[in-house]
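Structure first, commentary second.
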Amino acid sequence: MTDRQSLHLRPDLERHFSFAQAVRSGPLLFVSGSVAMDAAGAPLGGDMASQVRAIYASLADFLAGHGFDAGQVVKETIYTVDMDALVAAAPVRAAFYAEHAPPAATWVEVRRLLTADYLLEVELTLIGDRGPLV
């Protein structure tokens, strides 16, 4: 049986919607879709570049706190309500992977995310070592 650990960023919000920010199973880490949200759950940034910057900064902190980094991302899925704006903000995203090989990636345009304030949501899959769960 594989060890499995749920990791949380905003426990109250995650409990309310019945999900974990991430699940670690063996060397794999599956990160739920992340939006530009402050600690209280309010949206951050009004434009695409600001939201991209906020999401990847939050992801970097979250990953580091659990012993992972951008170099271990093997798959990224981005859901966006505005593909043109995401393409224009691509250099902001690229900075997250600047020191690493980029992951396999899929970008999907959708009609809406959790609220109309969110312009994109980023989901990651990572492969780490087989060390102890942290």
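We name chains A, B, ... following the order of the structure tokens; residues begin at 1 in each chain, and ligands are numbered from 1 as shown.
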
(request) as a VMD selection string, please: all residues of region 6-134 of chain A that backbone DSSP puts in strand (DSSP E or B). (result) chain A and resid 6 to 7 22 to 25 28 to 34 37 43 73 to 80 104 to 109 120 to 127

Next, write the just-selected residues to a file, as a CSV table (one decimal), in the first residue's frame, keeping N, CA and C atoms as the atom set.
chain,number,residue,atom,x,y,z
A,6,SER,N,-2.1,14.2,2.9
A,6,SER,CA,-2.8,15.4,2.4
A,6,SER,C,-2.0,16.6,3.0
A,7,LEU,N,-1.7,17.6,2.1
A,7,LEU,CA,-1.0,18.8,2.6
A,7,LEU,C,-2.0,20.0,2.4
A,22,ALA,N,-2.8,19.8,-1.7
A,22,ALA,CA,-1.9,18.8,-2.4
A,22,ALA,C,-2.0,17.5,-1.7
A,23,VAL,N,-1.7,16.4,-2.5
A,23,VAL,CA,-1.6,15.1,-1.9
A,23,VAL,C,-0.3,14.5,-2.4
A,24,ARG,N,0.5,14.0,-1.4
A,24,ARG,CA,1.7,13.3,-1.7
A,24,ARG,C,1.5,11.8,-1.5
A,25,SER,N,2.0,11.1,-2.5
A,25,SER,CA,1.9,9.7,-2.5
A,25,SER,C,3.2,9.1,-3.1
A,28,LEU,N,5.5,11.2,-5.6
A,28,LEU,CA,4.6,12.1,-6.4
A,28,LEU,C,3.9,13.1,-5.5
A,29,LEU,N,3.8,14.3,-6.0
A,29,LEU,CA,3.0,15.4,-5.4
A,29,LEU,C,2.1,15.9,-6.4
A,30,PHE,N,0.8,15.9,-6.1
A,30,PHE,CA,-0.3,16.4,-6.9
A,30,PHE,C,-0.8,17.6,-6.3
A,31,VAL,N,-0.7,18.8,-6.9
A,31,VAL,CA,-1.1,20.1,-6.4
A,31,VAL,C,-2.4,20.5,-7.0
A,32,SER,N,-3.4,20.7,-6.2
A,32,SER,CA,-4.7,21.2,-6.7
A,32,SER,C,-4.6,22.5,-7.4
A,33,GLY,N,-5.6,22.8,-8.2
A,33,GLY,CA,-5.6,24.1,-8.9
A,33,GLY,C,-5.4,25.3,-7.9
A,34,SER,N,-4.5,26.1,-8.2
A,34,SER,CA,-4.1,27.3,-7.4
A,34,SER,C,-4.5,28.6,-8.1
A,37,MET,N,-4.9,34.1,-4.6
A,37,MET,CA,-5.8,34.3,-3.4
A,37,MET,C,-4.9,34.7,-2.3
A,43,PRO,N,-9.4,37.5,-3.7
A,43,PRO,CA,-8.6,37.5,-4.9
A,43,PRO,C,-7.5,38.5,-4.9
A,73,VAL,N,8.7,19.8,-11.1
A,73,VAL,CA,7.4,19.8,-11.8
A,73,VAL,C,7.5,19.0,-13.1
A,74,VAL,N,6.7,18.0,-13.3
A,74,VAL,CA,6.7,17.3,-14.6
A,74,VAL,C,5.5,17.5,-15.4
A,75,LYS,N,4.4,18.0,-14.8
A,75,LYS,CA,3.2,18.3,-15.6
A,75,LYS,C,2.5,19.5,-15.0
A,76,GLU,N,2.1,20.4,-15.9
A,76,GLU,CA,1.4,21.6,-15.4
A,76,GLU,C,0.2,21.8,-16.3
A,77,THR,N,-0.9,22.1,-15.7
A,77,THR,CA,-2.2,22.4,-16.4
A,77,THR,C,-2.6,23.7,-16.0
A,78,ILE,N,-2.9,24.6,-16.9
A,78,ILE,CA,-3.4,26.0,-16.6
A,78,ILE,C,-4.8,26.1,-17.3
A,79,TYR,N,-5.7,26.5,-16.4
A,79,TYR,CA,-7.1,26.8,-16.9
A,79,TYR,C,-7.2,28.4,-16.9
A,80,THR,N,-7.6,29.0,-18.0
A,80,THR,CA,-7.7,30.4,-18.0
A,80,THR,C,-9.0,30.9,-18.7
A,104,ALA,N,6.0,19.3,-19.0
A,104,ALA,CA,4.9,19.1,-20.0
A,104,ALA,C,3.8,20.1,-19.5
A,105,ALA,N,3.2,20.7,-20.4
A,105,ALA,CA,2.2,21.7,-20.0
A,105,ALA,C,1.0,21.7,-21.0
A,106,THR,N,-0.2,22.0,-20.4
A,106,THR,CA,-1.4,22.1,-21.2
A,106,THR,C,-2.1,23.4,-20.7
A,107,TRP,N,-2.5,24.2,-21.6
A,107,TRP,CA,-3.3,25.4,-21.3
A,107,TRP,C,-4.7,25.3,-21.9
A,108,VAL,N,-5.7,25.5,-21.1
A,108,VAL,CA,-7.1,25.3,-21.5
A,108,VAL,C,-7.9,26.6,-21.2
A,109,GLU,N,-8.6,27.1,-22.2
A,109,GLU,CA,-9.5,28.2,-22.0
A,109,GLU,C,-10.8,27.7,-21.5
A,120,LEU,N,-7.0,32.8,-13.9
A,120,LEU,CA,-6.4,31.5,-14.2
A,120,LEU,C,-6.2,30.6,-13.0
A,121,GLU,N,-6.1,29.4,-13.2
A,121,GLU,CA,-5.9,28.4,-12.1
A,121,GLU,C,-4.8,27.4,-12.6
A,122,VAL,N,-3.8,27.2,-11.7
A,122,VAL,CA,-2.6,26.4,-12.1
A,122,VAL,C,-2.6,25.1,-11.3
A,123,GLU,N,-2.5,24.0,-11.9
A,123,GLU,CA,-2.4,22.6,-11.3
A,123,GLU,C,-1.1,22.0,-11.6
A,124,LEU,N,-0.4,21.4,-10.7
A,124,LEU,CA,0.9,20.8,-10.9
A,124,LEU,C,1.0,19.4,-10.5
A,125,THR,N,1.9,18.6,-11.1
A,125,THR,CA,2.3,17.3,-10.7
A,125,THR,C,3.8,17.3,-10.6
A,126,LEU,N,4.3,16.8,-9.5
A,126,LEU,CA,5.8,16.8,-9.3
A,126,LEU,C,6.2,15.4,-8.9
A,127,ILE,N,7.5,15.1,-9.2
A,127,ILE,CA,8.1,13.9,-8.8
A,127,ILE,C,9.3,14.3,-7.9

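With only C-alpha atoms as the atoms that count, the residue of A:Val81, A:Ala70, A:Leu63, A:Ala94 with the shortest distance to Thr115 (chain A) is A:Val81.
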